[in-house]
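So this one's final_29.cif, mmCIF, C-alpha atoms:
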data_my_file
#
loop_
_atom_site.label_atom_id
_atom_site.label_comp_id
_atom_site.auth_asym_id
_atom_site.auth_seq_id
_atom_site.Cartn_x
_atom_site.Cartn_y
_atom_site.Cartn_z
CA MET A 1 -194.72 -28.21 11.02
CA ILE A 2 -197.96 -30.20 11.20
CA ASP A 3 -197.75 -33.32 9.02
CA GLU A 4 -201.10 -34.91 8.24
CA GLY A 5 -199.58 -38.40 8.07
CA LYS A 6 -198.41 -38.53 11.70
CA PRO A 7 -200.25 -37.93 14.98
CA ILE A 8 -199.77 -34.39 16.26
CA PHE A 9 -198.64 -35.52 19.72
CA VAL A 10 -195.84 -37.57 18.11
CA GLN A 11 -194.80 -34.52 16.09
CA ILE A 12 -194.65 -32.41 19.26
CA ALA A 13 -192.42 -35.04 20.91
CA GLU A 14 -190.17 -35.21 17.82
CA GLN A 15 -189.87 -31.41 17.69
CA ILE A 16 -188.75 -31.32 21.32
CA GLU A 17 -186.30 -34.17 20.60
CA ASP A 18 -184.92 -32.25 17.61
CA ASP A 19 -184.47 -29.15 19.76
CA ILE A 20 -182.67 -31.15 22.45
CA ILE A 21 -180.35 -32.72 19.86
CA ASP A 22 -179.71 -29.32 18.26
CA GLY A 23 -178.80 -27.83 21.65
CA VAL A 24 -181.79 -25.50 21.89
CA TYR A 25 -182.66 -27.18 25.20
CA PRO A 26 -179.53 -28.40 27.00
CA ALA A 27 -179.75 -30.65 30.06
CA GLU A 28 -181.56 -29.12 33.01
CA THR A 29 -183.26 -26.39 30.97
CA GLN A 30 -186.99 -25.87 30.94
CA VAL A 31 -189.01 -26.67 27.82
CA PRO A 32 -192.20 -24.79 26.89
CA SER A 33 -195.35 -25.79 28.72
CA THR A 34 -198.11 -27.84 27.16
CA ASN A 35 -200.23 -24.69 27.07
CA GLU A 36 -197.49 -22.84 25.18
CA PHE A 37 -197.25 -25.68 22.65
CA ALA A 38 -201.04 -25.77 22.36
CA ALA A 39 -201.25 -22.03 21.72
CA PHE A 40 -198.36 -22.03 19.24
CA TYR A 41 -199.67 -24.94 17.16
CA ARG A 42 -203.35 -24.15 17.80
CA ILE A 43 -204.08 -27.58 19.20
CA ASN A 44 -205.76 -28.96 22.28
CA PRO A 45 -203.54 -28.76 25.40
CA ALA A 46 -204.26 -32.45 26.09
CA THR A 47 -202.73 -33.33 22.72
CA ALA A 48 -199.61 -31.29 23.49
CA GLY A 49 -199.49 -32.90 26.92
CA LYS A 50 -199.60 -36.35 25.38
CA GLY A 51 -196.50 -35.51 23.29
CA VAL A 52 -194.62 -34.12 26.28
CA ASN A 53 -195.60 -37.14 28.39
CA LEU A 54 -194.09 -39.47 25.78
CA LEU A 55 -190.76 -37.85 26.58
CA VAL A 56 -191.37 -37.96 30.32
CA ASP A 57 -192.12 -41.69 30.05
CA ALA A 58 -188.88 -42.16 28.07
CA GLY A 59 -186.85 -40.30 30.71
CA ILE A 60 -185.97 -37.46 28.32
CA LEU A 61 -187.92 -34.86 30.31
CA TYR A 62 -188.83 -34.71 33.97
CA LYS A 63 -191.38 -32.69 35.91
CA LYS A 64 -190.59 -30.17 38.61
CA ARG A 65 -193.85 -29.92 40.45
CA GLY A 66 -195.37 -26.47 40.07
CA ILE A 67 -192.55 -25.24 37.82
CA GLY A 68 -192.67 -27.21 34.56
CA MET A 69 -190.82 -29.73 32.42
CA PHE A 70 -187.04 -29.93 32.22
CA VAL A 71 -184.52 -31.82 30.08
CA SER A 72 -182.96 -34.78 31.90
CA ASP A 73 -179.21 -35.22 32.24
CA GLY A 74 -177.95 -37.40 29.38
CA ALA A 75 -181.12 -36.86 27.31
CA ARG A 76 -179.23 -35.64 24.24
CA GLU A 77 -176.89 -38.63 24.25
CA ARG A 78 -179.80 -41.07 24.61
CA LEU A 79 -181.70 -39.38 21.78
CA VAL A 80 -178.66 -39.39 19.48
CA ALA A 81 -178.09 -43.10 20.19
CA LYS A 82 -181.77 -43.86 19.51
CA ARG A 83 -181.70 -41.90 16.24
CA ARG A 84 -178.46 -43.58 15.13
CA ASP A 85 -180.04 -46.98 15.68
CA ALA A 86 -183.12 -45.89 13.73
CA PHE A 87 -180.93 -44.48 10.94
CA ARG A 88 -179.09 -47.79 10.67
CA ASP A 89 -182.33 -49.77 10.57
CA GLU A 90 -184.25 -47.45 8.23
CA TYR A 91 -181.50 -46.42 5.80
CA VAL A 92 -178.23 -48.30 6.11
CA ARG A 93 -179.59 -51.86 6.20
CA PRO A 94 -181.88 -51.33 3.18
CA LEU A 95 -179.01 -49.60 1.35
CA LEU A 96 -176.72 -52.56 2.00
CA ALA A 97 -179.40 -55.03 0.92
CA GLU A 98 -180.01 -53.16 -2.35
CA ALA A 99 -176.27 -52.81 -2.98
CA ALA A 100 -175.84 -56.56 -2.51
CA LYS A 101 -178.65 -57.23 -5.02
CA LEU A 102 -176.83 -55.04 -7.53
CA GLY A 103 -173.44 -56.60 -6.88
CA ILE A 104 -172.04 -53.45 -5.30
CA GLY A 105 -169.39 -54.34 -2.73
CA PRO A 106 -168.51 -52.36 0.40
CA ASP A 107 -165.52 -50.62 -1.21
CA GLN A 108 -167.50 -49.53 -4.26
CA LEU A 109 -170.39 -48.43 -2.07
CA SER A 110 -168.02 -46.37 0.11
CA ARG A 111 -166.61 -44.67 -3.00
CA MET A 112 -170.13 -43.94 -4.25
CA ILE A 113 -171.08 -42.36 -0.92
CA ALA A 114 -167.87 -40.32 -0.78
CA THR A 115 -168.44 -39.07 -4.32
CA ALA A 116 -172.05 -38.17 -3.61
CA ALA A 117 -171.07 -36.35 -0.40
CA ALA A 118 -168.31 -34.31 -2.03
CA PRO A 119 -169.30 -30.73 -2.89
CA GLU A 120 -169.76 -30.08 -6.56
CA PRO A 121 -166.97 -27.99 -8.05
CA THR A 122 -168.12 -24.60 -9.21
CA THR A 123 -167.02 -23.12 -12.45
CA PRO A 124 -167.47 -19.53 -13.56
CA LEU A 125 -170.45 -20.68 -15.65
CA THR A 126 -172.24 -22.53 -12.81
CA LYS A 127 -171.16 -20.36 -9.89
CA GLY A 128 -174.02 -17.87 -10.26
CA LEU A 129 -176.59 -20.61 -10.90
CA SER A 130 -176.28 -22.28 -7.49
CA ALA A 131 -177.68 -19.34 -5.52
#
Could you write out this file's structure as structure tokens?
Amino acid sequence: MIDEGKPIFVQIAEQIEDDIIDGVYPAETQVPSTNEFAAFYRINPATAGKGVNLLVDAGILYKKRGIGMFVSDGARERLVAKRRDAFRDEYVRPLLAEAAKLGIGPDQLSRMIATAAAPEPTTPLTKGLSA
């Protein structure tokens, strides 16, 4: 999981976010402790704590004194909204800008996306090759 191009504490926060979005940690469930993250990833507990605290500061997690960290109500919905906004800004807007440069209109772009998203038909010759 460790990516050299991104701070480890950010990666810890993103992994917890991913798990919340995927339903691994629903609202009001406890997430692993900073010591558990530190042991699993073989990192300093302070680094793991910094990642967890990013989510506490954002209201995604909250502390129960003496018990641990828990997922806040509505955390998944807030994370999905944040990621949708980021997706729009990082992928959709540049896609639209490039399409406009190439003279690709919205209808043509929609057809291109639909075609690219459609599963490839399998034939007897290619069926065994996809595995």
Using only C-alpha atoms, which residues sit within 12 Å of stretch 42-51 of chain A once same-chain residues fewer than 4 positions away are excluded, as a list in words? Met1, Ile2, Pro7, Ile8, Phe9, Val10, Gln11, Ile12, Ala13, Glu14, Gln15, Ile16, Glu17, Pro32, Ser33, Thr34, Asn35, Glu36, Phe37, Ala38, Leu55, Val56, Asp57, Ala58, Ile60, Leu61, Gly68 and Met69 of chain A
Care to translate the PyMOL selection byres ((chain A and resi 86-95) around 12) into actual residues of this file, as a PDB file with C-alpha atoms, in the frame of the given file?
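That gives us expr-v6.pdb:
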ATOM      1  CA  LEU A  79    -181.700 -39.380  21.780  1.00  0.00           C
ATOM      2  CA  VAL A  80    -178.660 -39.390  19.480  1.00  0.00           C
ATOM      3  CA  ALA A  81    -178.090 -43.100  20.190  1.00  0.00           C
ATOM      4  CA  LYS A  82    -181.770 -43.860  19.510  1.00  0.00           C
ATOM      5  CA  ARG A  83    -181.700 -41.900  16.240  1.00  0.00           C
ATOM      6  CA  ARG A  84    -178.460 -43.580  15.130  1.00  0.00           C
ATOM      7  CA  ASP A  85    -180.040 -46.980  15.680  1.00  0.00           C
ATOM      8  CA  LEU A  96    -176.720 -52.560   2.000  1.00  0.00           C
ATOM      9  CA  ALA A  97    -179.400 -55.030   0.920  1.00  0.00           C
ATOM     10  CA  GLU A  98    -180.010 -53.160  -2.350  1.00  0.00           C
ATOM     11  CA  ALA A  99    -176.270 -52.810  -2.980  1.00  0.00           C
ATOM     12  CA  ALA A 100    -175.840 -56.560  -2.510  1.00  0.00           C
ATOM     13  CA  LYS A 101    -178.650 -57.230  -5.020  1.00  0.00           C
ATOM     14  CA  LEU A 102    -176.830 -55.040  -7.530  1.00  0.00           C
ATOM     15  CA  ILE A 104    -172.040 -53.450  -5.300  1.00  0.00           C
ATOM     16  CA  GLY A 105    -169.390 -54.340  -2.730  1.00  0.00           C
ATOM     17  CA  PRO A 106    -168.510 -52.360   0.400  1.00  0.00           C
ATOM     18  CA  LEU A 109    -170.390 -48.430  -2.070  1.00  0.00           C
ATOM     19  CA  SER A 110    -168.020 -46.370   0.110  1.00  0.00           C
ATOM     20  CA  MET A 112    -170.130 -43.940  -4.250  1.00  0.00           C
ATOM     21  CA  ILE A 113    -171.080 -42.360  -0.920  1.00  0.00           C
TER      22      ILE A 113
END
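With atom CA of A:Arg76 on one side and atom CA of A:Ile21 on the other, the separation reads 5.4 Å.
In terms of minimum interatomic distance to A:Ile67, A:Gln30 ranks closest within A:Glu4, A:Pro121, A:Gln30, A:Val24, counting all atoms listed in the file.
The nearest approach to A:Gly74 among the residues A:Val52, A:Ile20, A:Ala27, A:Ala118, with all atoms listed in the file taken into account, belongs to A:Ala27.
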Incomplete stretch 63-90 of chain A filled out to N, CA and C atoms as a CSV table (one decimal), in the frame of the given file:
chain,number,residue,atom,x,y,z
A,63,LYS,N,-190.5,-33.8,35.4
A,63,LYS,CA,-191.4,-32.7,35.9
A,63,LYS,C,-190.8,-32.2,37.2
A,64,LYS,N,-190.8,-30.8,37.3
A,64,LYS,CA,-190.6,-30.2,38.6
A,64,LYS,C,-191.9,-29.6,39.0
A,65,ARG,N,-192.5,-30.2,40.0
A,65,ARG,CA,-193.8,-29.9,40.4
A,65,ARG,C,-194.0,-28.4,40.6
A,66,GLY,N,-195.1,-27.9,39.9
A,66,GLY,CA,-195.4,-26.5,40.1
A,66,GLY,C,-194.5,-25.5,39.3
A,67,ILE,N,-193.5,-26.1,38.6
A,67,ILE,CA,-192.6,-25.2,37.8
A,67,ILE,C,-192.6,-25.6,36.3
A,68,GLY,N,-192.6,-26.8,36.0
A,68,GLY,CA,-192.7,-27.2,34.6
A,68,GLY,C,-191.8,-28.4,34.2
A,69,MET,N,-191.6,-28.6,32.9
A,69,MET,CA,-190.8,-29.7,32.4
A,69,MET,C,-189.4,-29.3,32.1
A,70,PHE,N,-188.5,-30.2,32.4
A,70,PHE,CA,-187.0,-29.9,32.2
A,70,PHE,C,-186.4,-31.1,31.5
A,71,VAL,N,-185.3,-30.8,30.8
A,71,VAL,CA,-184.5,-31.8,30.1
A,71,VAL,C,-183.7,-32.6,31.1
A,72,SER,N,-183.7,-33.9,31.0
A,72,SER,CA,-183.0,-34.8,31.9
A,72,SER,C,-181.5,-34.8,31.5
A,73,ASP,N,-180.6,-35.0,32.5
A,73,ASP,CA,-179.2,-35.2,32.2
A,73,ASP,C,-179.0,-36.4,31.3
A,74,GLY,N,-178.2,-36.3,30.3
A,74,GLY,CA,-178.0,-37.4,29.4
A,74,GLY,C,-179.0,-37.6,28.3
A,75,ALA,N,-180.0,-36.7,28.3
A,75,ALA,CA,-181.1,-36.9,27.3
A,75,ALA,C,-180.6,-36.8,25.9
A,76,ARG,N,-179.7,-35.8,25.6
A,76,ARG,CA,-179.2,-35.6,24.2
A,76,ARG,C,-178.5,-36.9,23.8
A,77,GLU,N,-177.7,-37.4,24.6
A,77,GLU,CA,-176.9,-38.6,24.2
A,77,GLU,C,-177.8,-39.8,24.0
A,78,ARG,N,-178.8,-40.0,24.8
A,78,ARG,CA,-179.8,-41.1,24.6
A,78,ARG,C,-180.6,-40.9,23.3
A,79,LEU,N,-181.0,-39.6,23.0
A,79,LEU,CA,-181.7,-39.4,21.8
A,79,LEU,C,-180.8,-39.6,20.5
A,80,VAL,N,-179.6,-39.2,20.6
A,80,VAL,CA,-178.7,-39.4,19.5
A,80,VAL,C,-178.5,-40.9,19.3
A,81,ALA,N,-178.3,-41.7,20.3
A,81,ALA,CA,-178.1,-43.1,20.2
A,81,ALA,C,-179.3,-43.7,19.6
A,82,LYS,N,-180.5,-43.3,20.0
A,82,LYS,CA,-181.8,-43.9,19.5
A,82,LYS,C,-181.9,-43.5,18.0
A,83,ARG,N,-181.6,-42.3,17.6
A,83,ARG,CA,-181.7,-41.9,16.2
A,83,ARG,C,-180.7,-42.6,15.4
A,84,ARG,N,-179.5,-42.8,15.9
A,84,ARG,CA,-178.5,-43.6,15.1
A,84,ARG,C,-178.9,-45.0,14.9
A,85,ASP,N,-179.5,-45.6,15.9
A,85,ASP,CA,-180.0,-47.0,15.7
A,85,ASP,C,-181.1,-47.0,14.6
A,86,ALA,N,-182.0,-46.0,14.7
A,86,ALA,CA,-183.1,-45.9,13.7
A,86,ALA,C,-182.6,-45.6,12.3
A,87,PHE,N,-181.6,-44.8,12.2
A,87,PHE,CA,-180.9,-44.5,10.9
A,87,PHE,C,-180.4,-45.8,10.3
A,88,ARG,N,-179.7,-46.5,11.1
A,88,ARG,CA,-179.1,-47.8,10.7
A,88,ARG,C,-180.2,-48.7,10.2
A,89,ASP,N,-181.3,-48.8,10.9
A,89,ASP,CA,-182.3,-49.8,10.6
A,89,ASP,C,-183.1,-49.3,9.4
A,90,GLU,N,-183.4,-48.0,9.3
A,90,GLU,CA,-184.2,-47.4,8.2
A,90,GLU,C,-183.5,-47.2,6.9
